[in-house]
file protein.txt (compact mmCIF, C-alpha atoms)
# COMPACT_ATOMS: atom_id res chain seq x y z
CA MET A 52 188.10 85.70 75.53
CA SER A 53 190.22 82.55 75.35
CA SER A 54 190.55 80.36 72.29
CA SER A 55 188.75 77.58 74.17
CA LEU A 56 185.03 77.37 73.57
CA ILE A 57 184.40 76.05 77.08
CA THR A 58 185.00 78.05 80.24
CA SER A 59 183.78 77.83 83.82
CA HIS A 60 183.66 79.79 87.05
CA VAL A 61 183.39 77.97 90.39
CA LEU A 62 182.15 79.91 93.40
CA ASP A 63 182.09 78.56 96.95
CA THR A 64 178.72 79.80 98.15
CA ALA A 65 179.29 78.62 101.74
CA LEU A 66 182.39 80.81 102.06
CA GLY A 67 181.28 83.56 99.68
CA ARG A 68 184.43 83.44 97.55
CA PRO A 69 185.92 81.81 94.44
CA ALA A 70 186.72 78.11 94.71
CA VAL A 71 190.47 78.07 94.02
CA GLY A 72 192.32 74.92 92.98
CA VAL A 73 189.39 72.77 91.85
CA GLN A 74 190.51 70.18 89.31
CA VAL A 75 188.26 69.96 86.25
CA ARG A 76 188.06 67.39 83.43
CA LEU A 77 186.38 67.89 80.07
CA GLU A 78 185.02 64.69 78.56
CA LEU A 79 183.34 63.84 75.28
CA VAL A 80 180.47 61.40 75.76
CA GLY A 81 180.49 58.75 73.05
CA ASP A 82 177.41 57.38 71.32
CA ASP A 83 177.56 54.39 73.67
CA GLY A 84 177.64 56.70 76.73
CA THR A 85 181.32 56.15 77.45
CA PRO A 86 183.15 59.37 78.37
CA VAL A 87 186.57 60.10 76.85
CA GLN A 88 188.80 62.69 78.53
CA ILE A 89 189.69 65.60 76.24
CA ALA A 90 191.36 68.09 78.58
CA THR A 91 192.02 69.02 82.20
CA ALA A 92 192.36 72.32 84.04
CA THR A 93 192.43 73.76 87.56
CA THR A 94 190.49 76.79 88.73
CA ASP A 95 192.68 79.87 89.14
CA GLY A 96 192.80 82.45 91.94
CA ASP A 97 189.43 83.82 90.81
CA GLY A 98 187.85 80.35 90.65
CA ARG A 99 187.88 80.41 86.85
CA VAL A 100 188.76 77.92 84.18
CA ARG A 101 189.54 80.32 81.38
CA ALA A 102 190.33 77.63 78.83
CA ILE A 103 189.64 73.92 78.69
CA GLY A 104 189.37 72.05 75.45
CA PRO A 105 189.82 72.93 71.81
CA ALA A 106 189.01 76.07 69.84
CA VAL A 107 186.41 74.14 67.81
CA LEU A 108 184.15 71.37 69.08
CA ASP A 109 182.17 68.67 67.37
CA ALA A 110 178.43 68.90 67.92
CA ALA A 111 178.06 66.28 70.67
CA THR A 112 177.43 65.66 74.35
CA TYR A 113 180.18 66.72 76.77
CA ARG A 114 180.77 66.55 80.52
CA LEU A 115 182.66 68.75 82.91
CA VAL A 116 183.75 66.78 85.98
CA PHE A 117 184.70 68.91 89.00
CA ALA A 118 186.75 67.32 91.80
CA SER A 119 184.68 68.90 94.56
CA GLY A 120 185.72 66.31 97.15
CA GLY A 121 189.39 67.23 96.90
CA TYR A 122 188.53 70.92 97.12
CA HIS A 123 186.38 70.49 100.25
CA ALA A 124 188.89 68.13 101.86
CA SER A 125 191.65 70.70 101.35
CA LEU A 126 189.56 73.17 103.40
CA GLY A 127 188.74 70.66 106.11
CA SER A 128 185.09 70.74 105.05
CA PRO A 129 182.84 67.68 104.93
CA VAL A 130 182.81 65.81 101.62
CA PHE A 131 179.32 64.73 100.57
CA PHE A 132 179.66 65.11 96.79
CA PRO A 133 183.14 63.83 95.85
CA GLU A 134 182.63 65.10 92.32
CA VAL A 135 180.15 67.17 90.39
CA VAL A 136 179.39 66.05 86.84
CA ILE A 137 177.68 68.50 84.52
CA THR A 138 176.59 66.99 81.21
CA PHE A 139 175.64 69.34 78.39
CA VAL A 140 175.00 69.30 74.66
CA VAL A 141 176.96 71.35 72.17
CA ALA A 142 174.78 71.92 69.10
CA ASP A 143 177.08 74.50 67.48
CA GLY A 144 180.76 73.76 67.94
CA THR A 145 181.77 77.33 67.13
CA VAL A 146 179.81 78.99 69.95
CA HIS A 147 181.29 79.74 73.40
CA HIS A 148 179.87 77.67 76.28
CA HIS A 149 180.31 79.03 79.81
CA VAL A 150 179.33 76.54 82.53
CA PRO A 151 179.42 78.08 86.04
CA LEU A 152 179.24 76.01 89.22
CA LEU A 153 177.99 77.26 92.58
CA LEU A 154 179.40 74.92 95.20
CA SER A 155 178.96 74.22 98.92
CA PRO A 156 179.63 71.12 101.05
CA TYR A 157 176.07 69.79 100.73
CA ALA A 158 174.73 71.38 97.54
CA TYR A 159 175.64 72.61 94.09
CA SER A 160 173.93 74.47 91.27
CA THR A 161 174.74 75.31 87.68
CA TYR A 162 173.34 77.17 84.70
CA ARG A 163 174.23 78.17 81.16
CA GLY A 164 176.38 81.25 81.53
CA SER A 165 177.46 83.84 79.01
call {"tool": "encode", "arguments": {"input": "protein.txt", "output": "structure tokens"}}
result
Amino acid sequence: MSSSLITSHVLDTALGRPAVGVQVRLELVGDDGTPVQIATATTDGDGRVRAIGPAVLDAATYRLVFASGGYHASLGSPVFFPEVVITFVVADGTVHHHVPLLLSPYAYSTYRGS
């Protein structure tokens, strides 16, 4: 496992394969709701972000922002959701958080992975 406590895996469910080259931002959501960028990454050849962010996190609210519009545009697919924002709470900043994304041109789904 990577030293990052946050990882992701993006699968293109319309094509039945990993979503390669999706840009991803990790943001910390402040008490006033304002997001602050912490790190960026791009999905690899298997659609994975193996490391984004620090090895230890503060207990707080975070967001992963996936540039789905750029990914779909690069394939010549329609762009309905230009980005997917997944907001989640980290209660224990020493525990690994895997946040998968299932993506298609007109839908997306996520869950707490392992």
call {"tool": "residues_around", "arguments": {"input": "protein.txt", "residues": "Pro151 in chain A", "least_positions_apart": "2", "cutoff": "8 Å", "atoms": "only C-alpha atoms", "output": "list in words"}}
result
Ser59, His60, Val61, His149, Leu153, Thr161, Tyr162, Arg163 and Gly164 of chain A
call {"tool": "write_last_selection", "arguments": {"input": "protein.txt", "atoms": "C-alpha atoms", "output": "short mmCIF file (atom, residue, chain, number, x, y, z; two decimals), in the frame of the given file"}}
result
data_model
loop_
_atom_site.label_atom_id
_atom_site.label_comp_id
_atom_site.auth_asym_id
_atom_site.auth_seq_id
_atom_site.Cartn_x
_atom_site.Cartn_y
_atom_site.Cartn_z
CA SER A 59 183.78 77.83 83.82
CA HIS A 60 183.66 79.79 87.05
CA VAL A 61 183.39 77.97 90.39
CA HIS A 149 180.31 79.03 79.81
CA LEU A 153 177.99 77.26 92.58
CA THR A 161 174.74 75.31 87.68
CA TYR A 162 173.34 77.17 84.70
CA ARG A 163 174.23 78.17 81.16
CA GLY A 164 176.38 81.25 81.53
#
call {"tool": "residues_near_point", "arguments": {"input": "protein.txt", "point": "(175.0, 70.8, 83.0)", "cutoff": "10 Å", "atoms": "only C-alpha atoms", "output": "ChimeraX atom specification"}}
result
/A:113-115,135-140,150-152,160-163
call {"tool": "closest_residue", "arguments": {"input": "protein.txt", "among": "A:Leu62, A:Val75, A:Val107, A:Ala102", "to": "Ser155 in chain A", "atoms": "only C-alpha atoms"}}
result
A:Leu62
call {"tool": "residues_around", "arguments": {"input": "protein.txt", "residues": "Ala90 in chain A", "least_positions_apart": "3", "cutoff": "12 Å", "atoms": "only C-alpha atoms", "output": "PyMOL selection string"}}
result
chain A and resi 55+57-58+74-79+86-87+93+100+102-105+113-116
call {"tool": "closest_residue", "arguments": {"input": "protein.txt", "among": "A:Leu66, A:Val80, A:Ala92, A:Leu56", "to": "Ser165 in chain A", "atoms": "all atoms listed in the file"}}
result
A:Leu56
call {"tool": "closest_residue", "arguments": {"input": "protein.txt", "among": "A:Val146, A:Leu154, A:Val141, A:Ile89", "to": "Val73 in chain A", "atoms": "all atoms listed in the file"}}
result
A:Leu154
call {"tool": "atom_distance", "arguments": {"input": "protein.txt", "atom1": "CA of Thr112 in chain A", "atom2": "CA of Ala158 in chain A"}}
result
24.0 Å
call {"tool": "atom_distance", "arguments": {"input": "protein.txt", "atom1": "CA of Asp109 in chain A", "atom2": "CA of Gly144 in chain A"}}
result
5.3 Å
call {"tool": "atom_distance", "arguments": {"input": "protein.txt", "atom1": "CA of Asp95 in chain A", "atom2": "CA of Ala70 in chain A"}}
result
8.3 Å
call {"tool": "residues_near_point", "arguments": {"input": "protein.txt", "point": "(182.4, 73.8, 105.4)", "cutoff": "10 Å", "atoms": "all atoms listed in the file", "output": "list in words"}}
result
Asp63, Ala65, Leu66, His123, Ala124, Leu126, Gly127, Ser128, Pro129, Val130, Ser155, Pro156 and Tyr157 of chain A
call {"tool": "closest_residue", "arguments": {"input": "protein.txt", "among": "A:His148, A:Ala118, A:Phe131, A:Ala142", "to": "Thr91 in chain A", "atoms": "only C-alpha atoms"}}
result
A:Ala118
call {"tool": "closest_residue", "arguments": {"input": "protein.txt", "among": "A:Ser54, A:Tyr159, A:Gly96, A:Asp82", "to": "Arg68 in chain A", "atoms": "all atoms listed in the file"}}
result
A:Gly96
call {"tool": "closest_residue", "arguments": {"input": "protein.txt", "among": "A:Gly98, A:Gly84, A:Gly72, A:Gly121", "to": "Glu134 in chain A", "atoms": "all atoms listed in the file"}}
result
A:Gly121
call {"tool": "build_atoms", "arguments": {"input": "protein.txt", "residues": "range 87-116 of chain A", "atoms": "N, CA and C atoms", "output": "CSV table (one decimal), keeping the file's coordinate frame"}}
result
chain,number,residue,atom,x,y,z
A,87,VAL,N,185.2,60.1,77.2
A,87,VAL,CA,186.6,60.1,76.8
A,87,VAL,C,187.1,61.5,77.3
A,88,GLN,N,188.2,61.4,78.1
A,88,GLN,CA,188.8,62.7,78.5
A,88,GLN,C,189.4,63.4,77.4
A,89,ILE,N,189.1,64.7,77.3
A,89,ILE,CA,189.7,65.6,76.2
A,89,ILE,C,190.7,66.5,76.8
A,90,ALA,N,190.5,67.1,78.0
A,90,ALA,CA,191.4,68.1,78.6
A,90,ALA,C,191.2,68.2,80.1
A,91,THR,N,192.1,68.8,80.8
A,91,THR,CA,192.0,69.0,82.2
A,91,THR,C,192.5,70.5,82.5
A,92,ALA,N,192.0,71.0,83.6
A,92,ALA,CA,192.4,72.3,84.0
A,92,ALA,C,192.2,72.4,85.6
A,93,THR,N,192.6,73.5,86.1
A,93,THR,CA,192.4,73.8,87.6
A,93,THR,C,192.0,75.2,87.7
A,94,THR,N,191.0,75.4,88.6
A,94,THR,CA,190.5,76.8,88.7
A,94,THR,C,191.6,77.7,89.3
A,95,ASP,N,191.6,78.9,88.8
A,95,ASP,CA,192.7,79.9,89.1
A,95,ASP,C,192.3,80.6,90.4
A,96,GLY,N,193.0,81.7,90.7
A,96,GLY,CA,192.8,82.4,91.9
A,96,GLY,C,191.5,83.1,92.0
A,97,ASP,N,190.8,83.2,90.9
A,97,ASP,CA,189.4,83.8,90.8
A,97,ASP,C,188.4,82.7,90.7
A,98,GLY,N,188.8,81.5,90.8
A,98,GLY,CA,187.8,80.4,90.6
A,98,GLY,C,187.5,80.1,89.2
A,99,ARG,N,188.2,80.6,88.3
A,99,ARG,CA,187.9,80.4,86.8
A,99,ARG,C,188.7,79.4,86.1
A,100,VAL,N,188.1,78.7,85.2
A,100,VAL,CA,188.8,77.9,84.2
A,100,VAL,C,188.6,78.7,82.9
A,101,ARG,N,189.6,79.4,82.5
A,101,ARG,CA,189.5,80.3,81.4
A,101,ARG,C,189.7,79.6,80.0
A,102,ALA,N,190.2,78.4,80.1
A,102,ALA,CA,190.3,77.6,78.8
A,102,ALA,C,190.4,76.2,79.2
A,103,ILE,N,189.5,75.4,78.6
A,103,ILE,CA,189.6,73.9,78.7
A,103,ILE,C,189.1,73.4,77.4
A,104,GLY,N,189.8,72.6,76.7
A,104,GLY,CA,189.4,72.0,75.4
A,104,GLY,C,189.8,72.9,74.2
A,105,PRO,N,189.4,72.4,73.1
A,105,PRO,CA,189.8,72.9,71.8
A,105,PRO,C,189.1,74.2,71.4
A,106,ALA,N,189.6,74.8,70.4
A,106,ALA,CA,189.0,76.1,69.8
A,106,ALA,C,187.8,75.8,69.0
A,107,VAL,N,187.6,74.6,68.6
A,107,VAL,CA,186.4,74.1,67.8
A,107,VAL,C,186.0,72.8,68.4
A,108,LEU,N,184.7,72.6,68.5
A,108,LEU,CA,184.2,71.4,69.1
A,108,LEU,C,183.2,70.7,68.1
A,109,ASP,N,183.2,69.4,68.1
A,109,ASP,CA,182.2,68.7,67.4
A,109,ASP,C,180.8,68.9,68.1
A,110,ALA,N,179.8,68.9,67.3
A,110,ALA,CA,178.4,68.9,67.9
A,110,ALA,C,178.3,67.5,68.6
A,111,ALA,N,178.1,67.5,69.9
A,111,ALA,CA,178.1,66.3,70.7
A,111,ALA,C,177.7,66.6,72.1
A,112,THR,N,177.7,65.5,72.9
A,112,THR,CA,177.4,65.7,74.4
A,112,THR,C,178.8,65.6,75.1
A,113,TYR,N,178.9,66.6,76.0
A,113,TYR,CA,180.2,66.7,76.8
A,113,TYR,C,179.9,66.7,78.3
A,114,ARG,N,180.9,66.5,79.1
A,114,ARG,CA,180.8,66.6,80.5
A,114,ARG,C,181.9,67.3,81.1
A,115,LEU,N,181.6,68.2,82.1
A,115,LEU,CA,182.7,68.8,82.9
A,115,LEU,C,182.6,68.0,84.3
A,116,VAL,N,183.7,67.5,84.7
A,116,VAL,CA,183.8,66.8,86.0
A,116,VAL,C,184.6,67.6,86.9
